[in-house]
>>> print(open('entry-v4.txt').read())   # compact mmCIF, C-alpha atoms
# COMPACT_ATOMS: atom_id res chain seq x y z
CA MET A 1 -9.06 -43.22 -81.18
CA SER A 2 -10.70 -46.31 -79.77
CA ALA A 3 -7.32 -48.03 -79.47
CA ARG A 4 -5.94 -45.23 -77.31
CA VAL A 5 -8.98 -45.42 -75.01
CA ASP A 6 -8.52 -49.16 -74.55
CA ASN A 7 -4.83 -48.72 -73.68
CA LEU A 8 -5.72 -46.03 -71.12
CA ASN A 9 -8.34 -48.28 -69.53
CA ARG A 10 -5.89 -51.17 -69.28
CA TRP A 11 -3.23 -48.90 -67.68
CA GLN A 12 -5.69 -47.61 -65.11
CA GLY A 13 -6.66 -51.15 -64.21
CA THR A 14 -3.13 -51.96 -63.14
CA VAL A 15 -3.03 -49.28 -60.38
CA PRO A 16 -4.22 -50.66 -56.98
CA GLN A 17 -6.90 -48.63 -55.20
CA ARG A 18 -5.98 -47.59 -51.54
CA GLU A 19 -8.59 -48.50 -48.94
CA ALA A 20 -9.92 -45.81 -46.48
CA GLY A 21 -8.50 -45.83 -42.79
CA PHE A 22 -5.32 -45.28 -40.64
CA SER A 23 -2.15 -47.23 -40.57
CA LEU A 24 -0.87 -48.86 -37.35
CA LEU A 25 1.87 -46.23 -37.05
CA GLU A 26 -0.67 -43.41 -37.24
CA VAL A 27 -2.83 -45.03 -34.58
CA LEU A 28 0.13 -45.47 -32.21
CA ALA A 29 1.21 -41.84 -32.72
CA ALA A 30 -2.32 -40.62 -31.98
CA LEU A 31 -2.50 -42.73 -28.80
CA ALA A 32 0.85 -41.37 -27.61
CA ILE A 33 -0.30 -37.78 -28.13
CA LEU A 34 -3.60 -38.50 -26.35
CA ALA A 35 -1.80 -40.11 -23.38
CA LEU A 36 0.56 -37.16 -23.05
CA ALA A 37 -2.29 -34.66 -23.15
CA SER A 38 -4.34 -36.69 -20.66
CA SER A 39 -1.48 -36.94 -18.17
CA SER A 40 -0.98 -33.18 -18.29
CA VAL A 41 -4.67 -32.61 -17.69
CA LEU A 42 -4.66 -35.04 -14.75
CA VAL A 43 -1.67 -33.23 -13.17
CA VAL A 44 -3.47 -29.89 -13.48
CA ILE A 45 -6.67 -31.36 -12.01
CA ASP A 46 -4.75 -32.89 -9.10
CA ARG A 47 -3.06 -29.59 -8.31
CA CYS A 48 -6.36 -27.75 -8.49
CA LEU A 49 -7.97 -30.24 -6.10
CA ALA A 50 -5.03 -29.94 -3.66
CA SER A 51 -5.17 -26.15 -3.83
CA ALA A 52 -8.92 -26.17 -3.23
CA SER A 53 -8.47 -28.52 -0.27
CA ASP A 54 -5.75 -26.32 1.24
CA SER A 55 -7.89 -23.22 0.80
CA THR A 56 -10.81 -24.94 2.51
CA MET A 57 -8.64 -26.03 5.44
CA ARG A 58 -7.17 -22.54 5.74
CA MET A 59 -10.62 -20.94 5.81
CA GLU A 60 -11.85 -23.46 8.41
CA ALA A 61 -8.80 -22.78 10.60
CA PHE A 62 -9.29 -19.03 10.27
CA GLU A 63 -12.97 -19.40 11.17
CA LEU A 64 -12.05 -21.37 14.29
CA VAL A 65 -9.39 -18.84 15.36
CA ARG A 66 -11.76 -15.92 14.81
CA GLU A 67 -14.50 -17.56 16.88
CA ASN A 68 -12.08 -18.18 19.76
CA LEU A 69 -10.90 -14.56 19.66
CA GLU A 70 -14.47 -13.25 19.57
CA LYS A 71 -15.27 -15.24 22.70
CA ILE A 72 -12.44 -13.47 24.50
CA LEU A 73 -13.45 -10.02 23.26
CA VAL A 74 -16.96 -10.33 24.73
CA MET A 75 -15.64 -11.27 28.18
CA GLU A 76 -15.92 -8.59 30.85
CA THR A 77 -12.72 -9.75 32.60
CA VAL A 78 -9.83 -11.98 31.57
CA GLU A 79 -6.96 -13.66 33.36
CA GLU A 80 -3.76 -15.36 32.27
CA THR A 81 -4.68 -18.73 30.78
CA VAL A 82 -3.50 -21.28 28.25
CA ASP A 83 -6.22 -23.38 26.68
CA PHE A 84 -5.99 -25.84 23.79
CA GLY A 85 -7.84 -28.70 22.15
CA THR A 86 -9.22 -30.15 18.91
CA SER A 87 -12.17 -28.61 17.10
CA GLU A 88 -15.42 -30.55 17.34
CA LYS A 89 -16.61 -28.99 14.09
CA TYR A 90 -13.31 -29.61 12.25
CA PRO A 91 -11.62 -32.63 13.91
CA SER A 92 -8.48 -32.32 11.78
CA ILE A 93 -7.72 -28.86 13.20
CA SER A 94 -6.19 -28.27 16.64
CA TRP A 95 -6.38 -24.90 18.39
CA GLN A 96 -4.72 -22.97 21.20
CA THR A 97 -5.72 -19.79 23.04
CA VAL A 98 -3.26 -17.89 25.23
CA ILE A 99 -4.08 -14.85 27.37
CA GLU A 100 -0.89 -13.38 28.78
CA GLY A 101 0.83 -10.26 29.97
CA PHE A 102 3.40 -9.16 27.41
CA PRO A 103 5.63 -6.13 26.79
CA GLU A 104 4.43 -4.22 23.75
CA PRO A 105 7.28 -4.39 21.17
CA VAL A 106 7.63 -0.67 20.38
CA THR A 107 7.30 1.07 23.74
CA GLY A 108 7.95 -1.85 26.09
CA GLN A 109 4.78 -1.05 28.06
CA MET A 110 3.00 -4.03 29.58
CA TRP A 111 -0.22 -5.18 27.92
CA VAL A 112 -2.59 -8.09 28.20
CA ARG A 113 -2.80 -9.79 24.85
CA ALA A 114 -4.76 -12.70 23.42
CA VAL A 115 -3.09 -15.08 20.98
CA CYS A 116 -5.45 -17.47 19.20
CA SER A 117 -3.99 -20.02 16.80
CA ALA A 118 -4.96 -23.15 14.88
CA ASP A 119 -2.79 -25.86 13.30
CA TYR A 120 -3.62 -28.18 10.42
CA ARG A 121 -1.82 -30.34 7.84
CA ASP A 122 -2.03 -29.35 4.20
CA SER A 123 -2.11 -31.58 1.11
CA LYS A 124 1.69 -32.01 1.36
CA GLU A 125 1.40 -33.17 5.00
CA GLU A 126 3.15 -30.01 6.16
CA THR A 127 1.91 -28.30 9.33
CA GLN A 128 0.37 -24.89 8.69
CA LYS A 129 -0.60 -22.34 11.34
CA ILE A 130 -3.18 -19.57 11.44
CA GLU A 131 -2.70 -17.03 14.25
CA LEU A 132 -4.52 -13.90 15.38
CA VAL A 133 -3.09 -11.58 18.05
CA HIS A 134 -5.14 -8.92 19.81
CA TRP A 135 -3.79 -6.49 22.41
CA LEU A 136 -6.60 -6.30 24.96
CA SER A 137 -5.57 -3.70 27.50
CA GLN A 138 -2.53 -1.79 28.70
CA LEU A 139 -1.44 -2.61 32.24
CA THR A 140 -0.46 -0.06 34.81
CA ASP A 141 2.76 -0.63 36.74
CA GLN A 142 0.65 -1.73 39.69
CA GLN A 143 -1.27 -4.28 37.63
CA ALA A 144 1.92 -5.58 36.02
CA GLY A 145 3.51 -5.89 39.44
CA GLN A 146 0.53 -7.86 40.74
CA MET A 147 1.19 -10.54 38.15
CA ILE A 148 4.60 -11.20 39.74
CA SER A 149 5.05 -11.61 43.47
CA GLN A 150 6.85 -8.89 45.37
CA GLN A 151 9.45 -11.38 46.55
CA GLU A 152 10.28 -12.33 42.97
CA LEU A 153 10.56 -8.69 41.93
CA GLU A 154 12.86 -7.87 44.81
CA LYS A 155 15.15 -10.81 44.07
CA LEU A 156 15.23 -10.02 40.35
CA GLU A 157 15.98 -6.38 41.09
CA VAL A 158 18.98 -7.38 43.20
CA GLU A 159 20.22 -9.71 40.46
CA GLN A 160 19.64 -7.31 37.57
CA THR A 161 20.04 -3.71 38.66
CA MET A 162 23.31 -1.80 38.37
CA LYS A 163 23.12 1.77 39.61
CA THR A 164 26.42 3.21 38.35
CA ASP A 165 28.30 3.39 35.06
CA GLU A 166 31.35 1.84 36.72
CA GLU A 167 29.41 -1.19 37.91
CA ALA A 168 27.83 -1.73 34.48
CA ALA A 169 31.17 -1.29 32.69
CA ALA A 170 32.84 -3.80 35.00
CA TYR A 171 30.09 -6.34 34.30
CA ALA A 172 30.45 -5.85 30.54
CA LYS A 173 34.26 -5.80 30.82
CA ILE A 174 34.53 -2.49 29.00
CA ASP A 175 35.50 1.04 30.00
CA THR A 176 32.99 3.74 30.88
CA ASP A 177 33.58 5.62 27.59
CA THR A 178 32.53 2.52 25.63
CA LEU A 179 29.52 2.16 27.89
CA ARG A 180 28.44 5.71 27.10
CA LYS A 181 28.78 4.93 23.38
CA TRP A 182 26.48 1.94 23.91
CA VAL A 183 23.94 4.20 25.60
CA ALA A 184 24.13 6.63 22.69
CA ASP A 185 23.62 3.69 20.34
CA GLY A 186 20.42 2.60 22.08
CA LEU A 187 21.31 0.77 25.30
CA VAL A 188 18.17 1.17 27.43
CA LYS A 189 18.54 2.46 30.97
CA THR A 190 16.04 2.28 33.83
CA PRO A 191 13.93 5.27 34.90
CA GLU A 192 16.37 5.64 37.82
CA ASN A 193 19.22 6.04 35.29
CA GLY A 194 20.63 2.62 36.11
CA PHE A 195 21.34 -0.48 34.02
CA LEU A 196 19.90 -3.97 33.71
CA ARG A 197 22.13 -6.98 33.10
CA TYR A 198 19.56 -8.27 30.60
CA ASN A 199 20.06 -5.24 28.34
CA LEU A 200 23.82 -5.30 28.79
CA ASP A 201 23.93 -8.96 27.74
CA ILE A 202 22.34 -8.02 24.40
CA PHE A 203 25.17 -5.57 23.70
CA ILE A 204 27.81 -7.96 25.02
CA LEU A 205 26.70 -10.71 22.65
CA SER A 206 26.69 -8.39 19.64
CA LYS A 207 30.01 -6.79 20.67
CA GLY A 208 28.35 -3.42 20.97
CA SER A 209 26.53 -3.53 17.63
CA PRO A 210 23.11 -5.14 18.12
CA THR A 211 20.57 -5.19 15.31
CA PRO A 212 17.33 -3.18 15.56
CA GLU A 213 15.50 -6.42 16.38
CA GLU A 214 17.91 -7.17 19.21
CA LYS A 215 17.58 -3.64 20.57
CA ALA A 216 13.81 -4.07 20.61
CA GLU A 217 14.24 -7.01 23.00
CA GLN A 218 15.40 -4.64 25.75
CA VAL A 219 13.21 -3.65 28.70
CA ASP A 220 13.19 -0.49 30.78
CA SER A 221 12.22 -1.86 34.18
CA VAL A 222 12.51 -4.89 36.42
CA LYS A 223 8.75 -5.43 36.22
CA ALA A 224 8.84 -5.55 32.44
CA LEU A 225 11.76 -7.96 32.57
CA ALA A 226 9.95 -10.16 35.09
CA MET A 227 6.96 -10.44 32.76
CA LYS A 228 9.22 -11.12 29.78
CA LEU A 229 11.05 -13.89 31.61
CA LYS A 230 7.81 -15.34 32.87
CA MET A 231 6.32 -15.48 29.39
CA GLU A 232 9.51 -17.02 28.02
CA GLN A 233 9.45 -19.63 30.75
CA LYS A 234 5.84 -20.41 29.93
CA ARG A 235 6.75 -20.83 26.26
CA LEU A 236 9.57 -23.22 27.14
CA GLU A 237 7.26 -25.26 29.34
CA GLU A 238 4.66 -25.46 26.56
CA GLU A 239 7.29 -26.60 24.05
CA ALA A 240 8.56 -29.20 26.52
CA ALA A 241 5.00 -30.45 27.02
CA LEU A 242 4.64 -30.81 23.25
CA GLY A 243 7.88 -32.78 23.07
CA LYS A 244 9.88 -30.10 21.26
CA PRO A 245 13.64 -30.17 21.91
CA VAL A 246 14.97 -27.72 24.48
CA ASP A 247 18.29 -25.97 23.87
CA ASN A 248 20.75 -27.23 26.48
CA SER A 249 23.85 -26.14 24.65
CA GLY A 250 25.22 -24.45 27.74
CA THR A 251 24.96 -20.87 26.50
CA GLY A 252 23.03 -18.35 28.46
CA GLY A 253 20.06 -16.63 26.87
CA THR A 254 20.78 -13.57 24.82
CA SER A 255 24.30 -13.24 26.12
CA GLY A 256 25.57 -16.38 24.40
CA LEU A 257 28.23 -16.73 27.09
CA PRO A 258 29.03 -19.98 28.91
CA ASN A 259 26.84 -20.48 31.97
CA GLY A 260 28.41 -19.05 35.08
CA GLU A 261 31.01 -16.90 33.28
CA ARG A 262 29.22 -13.70 34.28
CA GLY A 263 27.59 -14.77 37.51
CA GLY A 264 24.38 -16.04 35.94
CA THR A 265 23.25 -15.24 32.39
CA ASN A 266 19.76 -14.68 31.04
CA ALA A 267 19.11 -18.39 30.62
CA ASP A 268 20.07 -19.04 34.24
CA ARG A 269 17.88 -16.23 35.50
CA LEU A 270 15.03 -17.33 33.24
CA GLN A 271 15.22 -20.88 34.57
CA ASP A 272 15.38 -19.58 38.14
CA MET A 273 12.36 -17.38 37.53
CA GLY A 274 10.44 -20.37 36.17
CA ASN A 275 11.28 -22.44 39.22
CA ARG A 276 10.07 -19.70 41.55
CA THR A 277 6.80 -19.07 39.71
CA ARG A 278 5.67 -22.70 39.57
>>> encode(input="entry-v4.txt", output="structure tokens")
Amino acid sequence: MSARVDNLNRWQGTVPQREAGFSLLEVLAALAILALASSSVLVVIDRCLASASDSTMRMEAFELVRENLEKILVMETVEETVDFGTSEKYPSISWQTVIEGFPEPVTGQMWVRAVCSADYRDSKEETQKIELVHWLSQLTDQQAGQMISQQELEKLEVEQTMKTDEEAAAYAKIDTDTLRKWVADGLVKTPENGFLRYNLDIFILSKGSPTPEEKAEQVDSVKALAMKLKMEQKRLEEEAALGKPVDNSGTGGTSGLPNGERGGTNADRLQDMGNRTR
């Protein structure tokens, strides 16, 4: 019995005892896993910070736009103006306030509207815009006419108005039956049952099948058209002042026809209107 115990003790003494700890391979694997997890966490944190920064900028821009609009709403009287600048409270945000006469999209009636906007750059250095539009008051025909000189209205009426179906059909280079189909499809006529070249150009461009959005661009009177052209001219001048490219492709306004092919297209008349109102 004692001999077997001695042999067992000697056998146990030959087995090396493993020391406590991690091997180099285990340490490297753990570091790789930790680095991967840390990088993912850092990406999430960075995105959260960028999102929080964008939300803050958006709220600051909205606050600035709302304040500008509230200033207009408390005014007793307003007039057509374009004002812009950089916020003193938030120097990284620029703002613009426009008070203008504008045809209401659904009915085409003239209104005075206020457009307040603010621009800022987000975390991706992309320009973002916050805009609030408020329709202040509907204009009577007399008030709308006062915003454009009588001389301008008379000249535009001569250029635009066509009193008979035959005259309108000849301008559009179609027959009177096709013209009547256009009217049934939504071609807007004047209260005097005449036609405006501006509206006809929309149907000419679309070959008699304008989209609902294109139909909504029509106007029902020379006064409404004068205001529309004036506002468009103002927009072009503002874009030119900001250094934005101006389309000089040689096509005319909504008609899309080469300049001069139809005796002056919308772009020609728009430019002429701008020159006269300066």
>>> closest_residue(input="entry-v4.txt", among="A:Met57, A:Lys163, A:Leu31, A:Lys155", to="Asp119 in chain A", atoms="all atoms listed in the file")
A:Met57
>>> residues_around(input="entry-v4.txt", residues="Leu225 in chain A", least_positions_apart="3", cutoff="10 Å", atoms="only C-alpha atoms", output="PyMOL selection string")
chain A and resi 102-103+108+153+156-157+160+196+198-199+217-222+228-231+270
>>> atom_distance(input="entry-v4.txt", atom1="CA of Ser55 in chain A", atom2="CA of Val98 in chain A")
25.4 Å
>>> atom_distance(input="entry-v4.txt", atom1="CA of Gly101 in chain A", atom2="CA of Ser209 in chain A")
29.3 Å
>>> atom_distance(input="entry-v4.txt", atom1="CA of Trp135 in chain A", atom2="CA of Glu152 in chain A")
25.6 Å
>>> closest_residue(input="entry-v4.txt", among="A:Ser137, A:Ser87, A:Ser123, A:Thr178", to="Ser51 in chain A", atoms="only C-alpha atoms")
A:Ser123
>>> closest_residue(input="entry-v4.txt", among="A:Asp83, A:Leu49, A:Asp165, A:Glu192", to="Leu179 in chain A", atoms="all atoms listed in the file")
A:Asp165
>>> residues_around(input="entry-v4.txt", residues="Lys124 in chain A", least_positions_apart="6", cutoff="12 Å", atoms="only C-alpha atoms", output="PyMOL selection string")
chain A and resi 47+50-51+53-54
>>> write_last_selection(input="entry-v4.txt", atoms="C-alpha atoms", output="PDB file, keeping the file's coordinate frame")
ATOM      1  CA  ARG A  47      -3.060 -29.590  -8.310  1.00  0.00           C
ATOM      2  CA  ALA A  50      -5.030 -29.940  -3.660  1.00  0.00           C
ATOM      3  CA  SER A  51      -5.170 -26.150  -3.830  1.00  0.00           C
ATOM      4  CA  SER A  53      -8.470 -28.520  -0.270  1.00  0.00           C
ATOM      5  CA  ASP A  54      -5.750 -26.320   1.240  1.00  0.00           C
TER       6      ASP A  54
END
>>> residues_around(input="entry-v4.txt", residues="Thr164 in chain A", least_positions_apart="6", cutoff="12 Å", atoms="all atoms listed in the file", output="JSON list (two decimals) with C-alpha atoms, keeping the file's coordinate frame")
[["chain", "number", "residue", "atom", "x", "y", "z"],
["A", 170, "ALA", "CA", 32.84, -3.80, 35.00],
["A", 171, "TYR", "CA", 30.09, -6.34, 34.30],
["A", 176, "THR", "CA", 32.99, 3.74, 30.88],
["A", 179, "LEU", "CA", 29.52, 2.16, 27.89],
["A", 180, "ARG", "CA", 28.44, 5.71, 27.10],
["A", 189, "LYS", "CA", 18.54, 2.46, 30.97],
["A", 190, "THR", "CA", 16.04, 2.28, 33.83],
["A", 192, "GLU", "CA", 16.37, 5.64, 37.82],
["A", 193, "ASN", "CA", 19.22, 6.04, 35.29],
["A", 194, "GLY", "CA", 20.63, 2.62, 36.11],
["A", 195, "PHE", "CA", 21.34, -0.48, 34.02],
["A", 196, "LEU", "CA", 19.90, -3.97, 33.71]]
>>> residues_near_point(input="entry-v4.txt", point="(27.2, -3.9, 21.1)", cutoff="10 Å", atoms="all atoms listed in the file", output="list in words")
Thr178, Leu179, Lys181, Trp182, Val183, Asp185, Gly186, Leu187, Leu200, Asp201, Ile202, Phe203, Ile204, Leu205, Ser206, Lys207, Gly208, Ser209, Pro210, Thr211 and Lys215 of chain A
>>> closest_residue(input="entry-v4.txt", among="A:Met227, A:Ser40, A:Arg58, A:Ser94", to="Glu80 in chain A", atoms="all atoms listed in the file")
A:Met227
>>> closest_residue(input="entry-v4.txt", among="A:Leu24, A:Trp95, A:Glu239, A:Val188", to="Arg66 in chain A", atoms="all atoms listed in the file")
A:Trp95
>>> residues_around(input="entry-v4.txt", residues="Leu73 in chain A", least_positions_apart="3", cutoff="8 Å", atoms="only C-alpha atoms", output="PyMOL selection string")
chain A and resi 69-70+136
>>> residues_around(input="entry-v4.txt", residues="Gln96 in chain A", least_positions_apart="3", cutoff="9 Å", atoms="only C-alpha atoms", output="list in words")
Val65, Asn68, Val82, Asp83, Phe84, Gly85, Thr86, Val115, Cys116, Ser117, Ala118 and Asp119 of chain A
>>> closest_residue(input="entry-v4.txt", among="A:Lys89, A:Ala61, A:Glu166, A:Gln109", to="Lys129 in chain A", atoms="all atoms listed in the file")
A:Ala61
>>> decode(input="entry-v4.txt", residues="range 88-132 of chain A", atoms="C-alpha atoms", output="PDB file, in the first residue's frame")
ATOM      1  CA  GLU A  88     -27.022  89.619 -33.843  1.00  0.00           C
ATOM      2  CA  LYS A  89     -28.140  86.929 -31.415  1.00  0.00           C
ATOM      3  CA  TYR A  90     -27.117  84.034 -33.694  1.00  0.00           C
ATOM      4  CA  PRO A  91     -24.297  85.297 -35.965  1.00  0.00           C
ATOM      5  CA  SER A  92     -24.159  82.060 -37.972  1.00  0.00           C
ATOM      6  CA  ILE A  93     -27.754  82.524 -39.176  1.00  0.00           C
ATOM      7  CA  SER A  94     -28.762  84.928 -41.963  1.00  0.00           C
ATOM      8  CA  TRP A  95     -32.353  86.073 -42.433  1.00  0.00           C
ATOM      9  CA  GLN A  96     -34.596  87.654 -45.051  1.00  0.00           C
ATOM     10  CA  THR A  97     -38.043  89.244 -44.828  1.00  0.00           C
ATOM     11  CA  VAL A  98     -40.135  89.950 -47.929  1.00  0.00           C
ATOM     12  CA  ILE A  99     -43.479  91.752 -47.989  1.00  0.00           C
ATOM     13  CA  GLU A 100     -45.001  91.522 -51.446  1.00  0.00           C
ATOM     14  CA  GLY A 101     -48.180  91.433 -53.442  1.00  0.00           C
ATOM     15  CA  PHE A 102     -48.778  87.930 -54.739  1.00  0.00           C
ATOM     16  CA  PRO A 103     -51.589  86.009 -56.476  1.00  0.00           C
ATOM     17  CA  GLU A 104     -53.091  83.465 -54.107  1.00  0.00           C
ATOM     18  CA  PRO A 105     -52.428  80.008 -55.674  1.00  0.00           C
ATOM     19  CA  VAL A 106     -55.968  78.601 -55.608  1.00  0.00           C
ATOM     20  CA  THR A 107     -58.194  81.507 -56.635  1.00  0.00           C
ATOM     21  CA  GLY A 108     -55.616  83.803 -58.234  1.00  0.00           C
ATOM     22  CA  GLN A 109     -56.835  86.743 -56.118  1.00  0.00           C
ATOM     23  CA  MET A 110     -54.181  89.278 -55.161  1.00  0.00           C
ATOM     24  CA  TRP A 111     -52.953  89.249 -51.568  1.00  0.00           C
ATOM     25  CA  VAL A 112     -50.219  90.893 -49.563  1.00  0.00           C
ATOM     26  CA  ARG A 113     -48.065  88.208 -48.047  1.00  0.00           C
ATOM     27  CA  ALA A 114     -45.069  88.141 -45.727  1.00  0.00           C
ATOM     28  CA  VAL A 115     -42.288  85.616 -46.315  1.00  0.00           C
ATOM     29  CA  CYS A 116     -39.777  85.315 -43.479  1.00  0.00           C
ATOM     30  CA  SER A 117     -36.839  82.945 -43.889  1.00  0.00           C
ATOM     31  CA  ALA A 118     -33.515  82.071 -42.274  1.00  0.00           C
ATOM     32  CA  ASP A 119     -30.514  80.183 -43.669  1.00  0.00           C
ATOM     33  CA  TYR A 120     -27.839  78.257 -41.788  1.00  0.00           C
ATOM     34  CA  ARG A 121     -25.255  75.533 -42.428  1.00  0.00           C
ATOM     35  CA  ASP A 122     -25.713  72.177 -40.740  1.00  0.00           C
ATOM     36  CA  SER A 123     -23.068  69.757 -39.467  1.00  0.00           C
ATOM     37  CA  LYS A 124     -22.514  68.519 -43.041  1.00  0.00           C
ATOM     38  CA  GLU A 125     -21.897  72.090 -44.269  1.00  0.00           C
ATOM     39  CA  GLU A 126     -25.114  71.961 -46.284  1.00  0.00           C
ATOM     40  CA  THR A 127     -27.322  75.065 -46.404  1.00  0.00           C
ATOM     41  CA  GLN A 128     -30.664  74.597 -44.671  1.00  0.00           C
ATOM     42  CA  LYS A 129     -33.610  77.000 -44.813  1.00  0.00           C
ATOM     43  CA  ILE A 130     -36.481  77.713 -42.450  1.00  0.00           C
ATOM     44  CA  GLU A 131     -39.375  79.681 -43.977  1.00  0.00           C
ATOM     45  CA  LEU A 132     -42.715  80.964 -42.712  1.00  0.00           C
TER      46      LEU A 132
END
